[in-house]
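Below is my_file.pdb, which holds PDB, C-alpha atoms and all ligand atoms.
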ATOM      1  CA  MET A   1       1.547  12.365  11.922
ATOM      2  CA  SER A   2      -1.166  10.541  13.838
ATOM      3  CA  GLU A   3      -1.190   7.163  12.132
ATOM      4  CA  PRO A   4      -2.122   4.447  14.657
ATOM      5  CA  GLY A   5       0.838   2.173  15.370
ATOM      6  CA  LEU A   6       3.251   4.373  13.408
ATOM      7  CA  GLU A   7       5.861   4.285  16.175
ATOM      8  CA  GLU A   8       6.145   0.509  15.752
ATOM      9  CA  TYR A   9       7.830   1.172  12.410
ATOM     10  CA  GLY A  10      10.721   2.852  14.230
ATOM     11  CA  GLU A  11      13.488   3.907  11.869
ATOM     12  CA  LEU A  12      11.232   3.628   8.775
ATOM     13  CA  ALA A  13       8.577   5.863  10.312
ATOM     14  CA  ALA A  14      11.243   8.378  11.362
ATOM     15  CA  GLU A  15      12.062   8.932   7.671
ATOM     16  CA  ILE A  16       8.474   9.801   6.697
ATOM     17  CA  ARG A  17       7.759  13.495   6.340
ATOM     18  CA  GLU A  18       4.021  13.310   5.808
ATOM     19  CA  ILE A  19       1.363  10.621   5.471
ATOM     20  CA  LEU A  20      -0.684  11.159   2.309
ATOM     21  CA  ILE A  21      -3.036   8.162   2.553
ATOM     22  CA  SER A  22      -3.618   6.408   5.863
ATOM     23  CA  ALA A  23      -3.780   2.634   6.281
ATOM     24  CA  GLU A  24      -7.471   2.982   7.126
ATOM     25  CA  GLU A  25      -8.220   4.938   3.943
ATOM     26  CA  LEU A  26      -6.303   2.387   1.884
ATOM     27  CA  GLN A  27      -8.152  -0.554   3.404
ATOM     28  CA  ALA A  28     -11.543   1.124   2.924
ATOM     29  CA  LYS A  29     -10.794   1.847  -0.742
ATOM     30  CA  VAL A  30      -9.509  -1.668  -1.406
ATOM     31  CA  ARG A  31     -12.668  -3.150   0.154
ATOM     32  CA  GLN A  32     -14.785  -0.865  -2.058
ATOM     33  CA  ILE A  33     -12.904  -1.945  -5.208
ATOM     34  CA  GLY A  34     -13.195  -5.593  -4.112
ATOM     35  CA  ARG A  35     -16.969  -5.250  -3.773
ATOM     36  CA  ALA A  36     -17.272  -3.663  -7.216
ATOM     37  CA  ILE A  37     -15.174  -6.425  -8.818
ATOM     38  CA  SER A  38     -17.246  -9.096  -7.047
ATOM     39  CA  GLN A  39     -20.449  -7.622  -8.470
ATOM     40  CA  ASP A  40     -19.160  -6.910 -11.980
ATOM     41  CA  TYR A  41     -17.450 -10.277 -12.457
ATOM     42  CA  ALA A  42     -20.027 -12.513 -10.762
ATOM     43  CA  GLY A  43     -20.218 -15.834 -12.626
ATOM     44  CA  ARG A  44     -17.106 -15.099 -14.729
ATOM     45  CA  SER A  45     -14.264 -16.340 -12.460
ATOM     46  CA  PRO A  46     -11.734 -13.659 -13.484
ATOM     47  CA  LEU A  47      -7.961 -13.977 -13.489
ATOM     48  CA  LEU A  48      -6.273 -11.151 -11.604
ATOM     49  CA  VAL A  49      -2.859 -10.376 -13.092
ATOM     50  CA  GLY A  50      -0.294  -8.293 -11.218
ATOM     51  CA  VAL A  51       3.163  -6.924 -12.036
ATOM     52  CA  LEU A  52       5.808  -7.579  -9.398
ATOM     53  CA  LYS A  53       6.829  -6.264  -7.002
ATOM     54  CA  GLY A  54       4.946  -3.132  -6.011
ATOM     55  CA  VAL A  55       1.502  -4.661  -6.447
ATOM     56  CA  VAL A  56       1.992  -7.400  -3.850
ATOM     57  CA  LEU A  57       0.362  -5.628  -0.889
ATOM     58  CA  PHE A  58      -2.546  -4.296  -2.944
ATOM     59  CA  MET A  59      -3.104  -7.671  -4.598
ATOM     60  CA  ALA A  60      -3.099  -9.518  -1.262
ATOM     61  CA  ASP A  61      -5.669  -7.167   0.259
ATOM     62  CA  LEU A  62      -7.743  -7.001  -2.926
ATOM     63  CA  LEU A  63      -7.935 -10.797  -3.156
ATOM     64  CA  ARG A  64      -9.317 -10.889   0.396
ATOM     65  CA  ALA A  65     -11.867  -8.212  -0.506
ATOM     66  CA  VAL A  66     -13.165 -10.117  -3.537
ATOM     67  CA  THR A  67     -15.903 -12.575  -2.593
ATOM     68  CA  ILE A  68     -16.347 -14.496  -5.867
ATOM     69  CA  PRO A  69     -14.093 -17.273  -7.234
ATOM     70  CA  VAL A  70     -10.914 -15.720  -8.709
ATOM     71  CA  GLU A  71      -7.448 -16.822  -9.738
ATOM     72  CA  VAL A  72      -4.226 -14.837  -9.514
ATOM     73  CA  ASP A  73      -0.998 -14.752 -11.508
ATOM     74  CA  PHE A  74       2.004 -12.442 -11.748
ATOM     75  CA  LEU A  75       4.299 -10.963 -14.371
ATOM     76  CA  ALA A  76       7.664  -9.333 -13.866
ATOM     77  CA  VAL A  77       9.188  -6.667 -16.081
ATOM     78  CA  SER A  78      12.640  -5.137 -16.101
ATOM     79  CA  SER A  79      12.864  -1.603 -14.784
ATOM     80  CA  TYR A  80      14.603   0.646 -17.200
ATOM     81  CA  SER A  81      15.387   4.155 -16.022
ATOM     82  CA  SER A  82      12.571   6.603 -16.756
ATOM     83  CA  GLU A  83      14.720   8.447 -19.251
ATOM     84  CA  ALA A  84      15.610   5.318 -21.183
ATOM     85  CA  ARG A  85      12.008   4.151 -21.174
ATOM     86  CA  GLN A  86      10.669   7.463 -22.355
ATOM     87  CA  LYS A  87      13.050   7.366 -25.289
ATOM     88  CA  SER A  88      12.303   3.799 -26.319
ATOM     89  CA  GLY A  89       8.951   2.948 -24.708
ATOM     90  CA  LEU A  90      10.614  -0.388 -24.103
ATOM     91  CA  VAL A  91       9.589  -2.749 -21.314
ATOM     92  CA  ARG A  92      11.106  -6.218 -21.109
ATOM     93  CA  LEU A  93       9.110  -9.152 -19.807
ATOM     94  CA  GLU A  94      11.307 -10.949 -17.253
ATOM     95  CA  LYS A  95       8.703 -13.401 -15.996
ATOM     96  CA  ASP A  96       5.638 -14.456 -17.932
ATOM     97  CA  LEU A  97       2.287 -15.701 -16.645
ATOM     98  CA  GLU A  98       1.924 -19.356 -15.745
ATOM     99  CA  THR A  99      -1.746 -19.309 -16.766
ATOM    100  CA  SER A 100      -3.106 -19.323 -20.312
ATOM    101  CA  ILE A 101      -5.405 -16.307 -20.633
ATOM    102  CA  THR A 102      -7.022 -17.182 -23.956
ATOM    103  CA  GLY A 103     -10.788 -16.928 -23.476
ATOM    104  CA  ARG A 104     -10.376 -15.799 -19.833
ATOM    105  CA  HIS A 105     -11.707 -12.652 -18.196
ATOM    106  CA  VAL A 106      -8.510 -10.880 -17.190
ATOM    107  CA  LEU A 107      -8.290  -7.990 -14.753
ATOM    108  CA  PHE A 108      -4.907  -6.317 -14.794
ATOM    109  CA  VAL A 109      -4.080  -5.061 -11.301
ATOM    110  CA  GLU A 110      -1.386  -2.379 -10.903
ATOM    111  CA  ASP A 111      -0.171  -0.481  -7.888
ATOM    112  CA  VAL A 112       0.758   2.683  -9.787
ATOM    113  CA  ILE A 113       0.371   4.089 -13.272
ATOM    114  CA  ASP A 114       2.617   7.009 -14.118
ATOM    115  CA  THR A 115       3.678   7.451 -17.762
ATOM    116  CA  GLY A 116       1.476   4.509 -18.785
ATOM    117  CA  LEU A 117       4.328   2.929 -20.785
ATOM    118  CA  THR A 118       4.509  -0.255 -18.718
ATOM    119  CA  LEU A 119       0.769  -0.885 -18.840
ATOM    120  CA  ASN A 120       0.529  -0.016 -22.502
ATOM    121  CA  TYR A 121       3.185  -2.558 -23.381
ATOM    122  CA  LEU A 122       1.747  -5.263 -21.141
ATOM    123  CA  LEU A 123      -1.839  -4.737 -22.272
ATOM    124  CA  ARG A 124      -0.809  -5.057 -25.899
ATOM    125  CA  ASN A 125       1.091  -8.212 -25.042
ATOM    126  CA  LEU A 126      -1.860  -9.741 -23.177
ATOM    127  CA  ARG A 127      -4.438  -8.662 -25.760
ATOM    128  CA  ALA A 128      -2.540 -10.646 -28.397
ATOM    129  CA  ARG A 129      -3.306 -13.796 -26.387
ATOM    130  CA  GLN A 130      -7.024 -13.203 -26.968
ATOM    131  CA  PRO A 131      -8.575 -13.045 -23.522
ATOM    132  CA  ALA A 132     -12.397 -12.892 -23.364
ATOM    133  CA  SER A 133     -12.021  -9.464 -21.720
ATOM    134  CA  LEU A 134      -9.179  -7.319 -20.408
ATOM    135  CA  GLU A 135      -9.707  -4.492 -17.929
ATOM    136  CA  VAL A 136      -7.450  -2.425 -15.681
ATOM    137  CA  CYS A 137      -7.523  -1.802 -11.936
ATOM    138  CA  VAL A 138      -5.018   0.750 -10.579
ATOM    139  CA  LEU A 139      -4.655   1.810  -6.980
ATOM    140  CA  PHE A 140      -2.530   4.929  -7.473
ATOM    141  CA  ASN A 141      -2.933   7.147 -10.507
ATOM    142  CA  LYS A 142      -0.206   9.710 -11.219
ATOM    143  CA  ALA A 143      -1.804  11.549 -14.134
ATOM    144  CA  GLU A 144       0.666  14.422 -14.578
ATOM    145  CA  ASN A 145       3.323  12.396 -16.428
ATOM    146  CA  ARG A 146       0.965  10.314 -18.551
ATOM    147  CA  LEU A 147       2.312   9.748 -22.075
ATOM    148  CA  ILE A 148      -0.254   7.185 -23.182
ATOM    149  CA  ASP A 149      -3.940   7.259 -22.309
ATOM    150  CA  ILE A 150      -5.045   3.987 -20.715
ATOM    151  CA  PRO A 151      -8.712   3.343 -19.861
ATOM    152  CA  ILE A 152      -8.931   2.433 -16.160
ATOM    153  CA  LYS A 153     -12.015   0.529 -14.984
ATOM    154  CA  TYR A 154     -11.240   0.584 -11.233
ATOM    155  CA  LYS A 155      -9.173   3.429  -9.769
ATOM    156  CA  GLY A 156      -8.164   3.998  -6.156
ATOM    157  CA  PHE A 157      -6.481   7.346  -5.573
ATOM    158  CA  ASP A 158      -5.087  10.184  -7.662
ATOM    159  CA  LEU A 159      -1.579  11.063  -6.530
ATOM    160  CA  PRO A 160       0.473  14.174  -7.246
ATOM    161  CA  ASP A 161       3.747  13.775  -9.134
ATOM    162  CA  ARG A 162       5.772  13.361  -5.954
ATOM    163  CA  PHE A 163       7.946  10.555  -4.746
ATOM    164  CA  VAL A 164       5.810   8.451  -2.425
ATOM    165  CA  VAL A 165       6.540   5.239  -0.543
ATOM    166  CA  GLY A 166       4.617   2.605   1.375
ATOM    167  CA  TYR A 167       1.925   0.027   0.683
ATOM    168  CA  GLY A 168       4.170  -1.668  -1.886
ATOM    169  CA  LEU A 169       5.898   1.452  -3.229
ATOM    170  CA  ASP A 170       9.618   1.588  -2.573
ATOM    171  CA  TYR A 171      12.630   3.826  -2.519
ATOM    172  CA  GLN A 172      15.716   1.711  -3.210
ATOM    173  CA  GLU A 173      13.614  -1.362  -2.294
ATOM    174  CA  LYS A 174      12.808  -0.015   1.208
ATOM    175  CA  TYR A 175       9.491   1.116   2.706
ATOM    176  CA  ARG A 176       7.261  -1.324   0.774
ATOM    177  CA  ASN A 177       6.047  -2.797   4.079
ATOM    178  CA  LEU A 178       4.600   0.437   5.470
ATOM    179  CA  PRO A 179       0.798   0.066   5.636
ATOM    180  CA  PHE A 180       0.229   3.704   4.591
ATOM    181  CA  VAL A 181       1.499   5.949   1.775
ATOM    182  CA  GLY A 182       3.749   8.841   2.654
ATOM    183  CA  LEU A 183       6.390  11.301   1.535
ATOM    184  CA  LEU A 184       9.989  10.736   2.510
ATOM    185  CA  LYS A 185      12.030  13.346   4.316
ATOM    186  CA  PRO A 186      14.614  14.929   1.977
ATOM    187  CA  GLU A 187      17.503  13.430   3.975
ATOM    188  CA  ALA A 188      16.086   9.913   3.411
ATOM    189  CA  LEU A 189      15.853  10.605  -0.340
ATOM    190  CA  ARG A 190      19.506  11.632  -0.456
ATOM    191  CA  LYS A 191      20.702   8.266   0.898
TER
HETATM  192  C1  LIG B 201       5.865   0.666 -11.133
HETATM  193  C2  LIG B 201       4.497   0.046 -11.398
HETATM  194  C3  LIG B 201       4.467  -0.087 -12.869
HETATM  195  C4  LIG B 201       5.294   1.091 -13.337
HETATM  196  C5  LIG B 201       4.385   2.187 -13.771
HETATM  197  O1  LIG B 201       6.825  -0.328 -11.072
HETATM  198  O2  LIG B 201       4.334  -1.194 -10.735
HETATM  199  O3  LIG B 201       4.988  -1.321 -13.294
HETATM  200  O4  LIG B 201       6.088   1.523 -12.259
HETATM  201  O5  LIG B 201       5.101   3.241 -14.347
HETATM  202  P1  LIG B 201       4.777   3.796 -15.798
HETATM  203  O6  LIG B 201       3.305   4.068 -15.877
HETATM  204  O7  LIG B 201       5.595   5.074 -15.859
HETATM  205  O8  LIG B 201       5.230   2.794 -16.808
HETATM  206  P2  LIG B 201       8.323  -0.052 -10.588
HETATM  207  O9  LIG B 201       9.192   0.199 -11.775
HETATM  208  O10 LIG B 201       8.334   0.981  -9.520
HETATM  209  O11 LIG B 201       8.762  -1.491 -10.016
HETATM  210  P3  LIG B 201       8.294  -2.239  -8.659
HETATM  211  O12 LIG B 201       6.819  -2.547  -8.815
HETATM  212  O13 LIG B 201       9.121  -3.500  -8.618
HETATM  213  O14 LIG B 201       8.571  -1.305  -7.499
END
Render the structure in this file as structure tokens.
Ligand code: PRP
Amino acid sequence: MSEPGLEEYGELAAEIREILISAEELQAKVRQIGRAISQDYAGRSPLLVGVLKGVVLFMADLLRAVTIPVEVDFLAVSSYSSEARQKSGLVRLEKDLETSITGRHVLFVEDVIDTGLTLNYLLRNLRARQPASLEVCVLFNKAENRLIDIPIKYKGFDLPDRFVVGYGLDYQEKYRNLPFVGLLKPEALRK
């Protein structure tokens, strides 16, 4: 592992087996997506909508990379276990938007899409509020487990179906603050 400044993360860094996407690669990609959004949405003042909590790091960096006027709002959903969700497709909205999206250009920003169930539910919910447009921006795409096809306008990285942490992604709420994305050592996963 040759990530600059990795040693500063001490006990967290010691539990990382391999870095899959460096902080530099992440920042470069987020800047690229920010430029594309700034061009595509010029003059339309979009509302960026994120789902807590994993998206927080991506959203913060993306907002800084967008150079046109934008607004931001957040939703929260309950996390059912994968098994329960796959059976029911159910996602419960725990916190709704504070902004009315009717007639607005909405860009849904997600950290990771895996089965697609969460996004599918939330997009249907938002579409019913009649935004002027509704598009999706996803930083990490895990395509192997996809159950529902979701059109993605802005995509960062394809990830294998492996348990990754960092840059907002957690394991038991830890590791979100790592500035890179990596694989945990098996002993850390057993904790
Ligand atoms: C992640 C992500 C999505 C969901 C995607 O959230 O932010 O909401 O999983 O998975 P799906 O495509 O299989 O529905 P997570 O449950 O990890 O919660 P967190 O953002 O609070 O970490």
Protein and nucleic residues near ligand LIG 201 (chain B), 10 Å, only C-alpha atoms and all ligand atoms, as a PyMOL selection string: chain A and resi 50-56+75-82+85-86+89-91+109-122+138+140-143+145-148+150+165+168-174+176
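Nearest residue to Glu25 in chain A, choosing from A:Glu135, A:Asp161, A:Glu8, A:Glu3 and counting all atoms listed in the file: A:Glu3.
The interatomic distance for the pair CA of Tyr154 in chain A and CA of Val49 in chain A works out to 13.9 Å.
Matched in the shown structure by the PyMOL selection byres (((chain A and resi 97) around 9) and not hetatm): Val49, Asp73, Phe74, Leu75, Ala76, Lys95, Asp96, Glu98, Thr99, Ser100 and Ile101 of chain A.
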Please write the residues picked by the PyMOL selection byres (((chain A and resi 136) around 6) and not hetatm) on this file as a compact mmCIF listing (two decimals) with C-alpha atoms, in the coordinates of the input.
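What ended up in result.txt:
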# COMPACT_ATOMS: atom_id res chain seq x y z
CA LEU A 107 -8.29 -7.99 -14.75
CA PHE A 108 -4.91 -6.32 -14.79
CA GLU A 135 -9.71 -4.49 -17.93
CA CYS A 137 -7.52 -1.80 -11.94
CA ILE A 152 -8.93 2.43 -16.16
CA LYS A 153 -12.02 0.53 -14.98
Determine the residue set returned by the PyMOL selection byres (((chain A and resi 32-36) around 10) and not hetatm) for the present structure, and present it as an MDAnalysis selection string. chainID A and resid 26:31 37:42 61:68 137:139 154:156
Any chance you could export the current selection's C-alpha atoms as a short mmCIF file (atom, residue, chain, number, x, y, z; two decimals), in the frame of the given file?
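See selection-v7.cif below for the written result:
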data_model
loop_
_atom_site.label_atom_id
_atom_site.label_comp_id
_atom_site.auth_asym_id
_atom_site.auth_seq_id
_atom_site.Cartn_x
_atom_site.Cartn_y
_atom_site.Cartn_z
CA LEU A 26 -6.30 2.39 1.88
CA GLN A 27 -8.15 -0.55 3.40
CA ALA A 28 -11.54 1.12 2.92
CA LYS A 29 -10.79 1.85 -0.74
CA VAL A 30 -9.51 -1.67 -1.41
CA ARG A 31 -12.67 -3.15 0.15
CA ILE A 37 -15.17 -6.42 -8.82
CA SER A 38 -17.25 -9.10 -7.05
CA GLN A 39 -20.45 -7.62 -8.47
CA ASP A 40 -19.16 -6.91 -11.98
CA TYR A 41 -17.45 -10.28 -12.46
CA ALA A 42 -20.03 -12.51 -10.76
CA ASP A 61 -5.67 -7.17 0.26
CA LEU A 62 -7.74 -7.00 -2.93
CA LEU A 63 -7.94 -10.80 -3.16
CA ARG A 64 -9.32 -10.89 0.40
CA ALA A 65 -11.87 -8.21 -0.51
CA VAL A 66 -13.16 -10.12 -3.54
CA THR A 67 -15.90 -12.58 -2.59
CA ILE A 68 -16.35 -14.50 -5.87
CA CYS A 137 -7.52 -1.80 -11.94
CA VAL A 138 -5.02 0.75 -10.58
CA LEU A 139 -4.66 1.81 -6.98
CA TYR A 154 -11.24 0.58 -11.23
CA LYS A 155 -9.17 3.43 -9.77
CA GLY A 156 -8.16 4.00 -6.16
#
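From CA of Phe157 in chain A back to CA of Ala23 in chain A, the distance works out to 13.0 Å.
Among the candidates A:Ile21, A:Leu178, A:Ile16, A:Val106, the one nearest to Leu47 in chain A when counting all atoms listed in the file is A:Val106.
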What does the distance between CA of Leu159 in chain A and CA of Leu20 in chain A come to in Å, to one decimal place? 8.9 Å
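Counting all atoms listed in the file and comparing A:Tyr175, A:Glu144, A:Gly10, A:Glu15, the residue that lies closest to Glu187 in chain A is A:Glu15.
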Between A:Val70, A:Leu123, A:Ala14, A:Leu48, which residue has the minimum interatomic distance to Pro186 in chain A, considering only C-alpha atoms? A:Ala14
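You can rank A:Ala13, A:Leu184, A:Leu93, A:Met59 by their closest distance to Leu126 in chain A using only C-alpha atoms, and at the top of that list sits A:Leu93.
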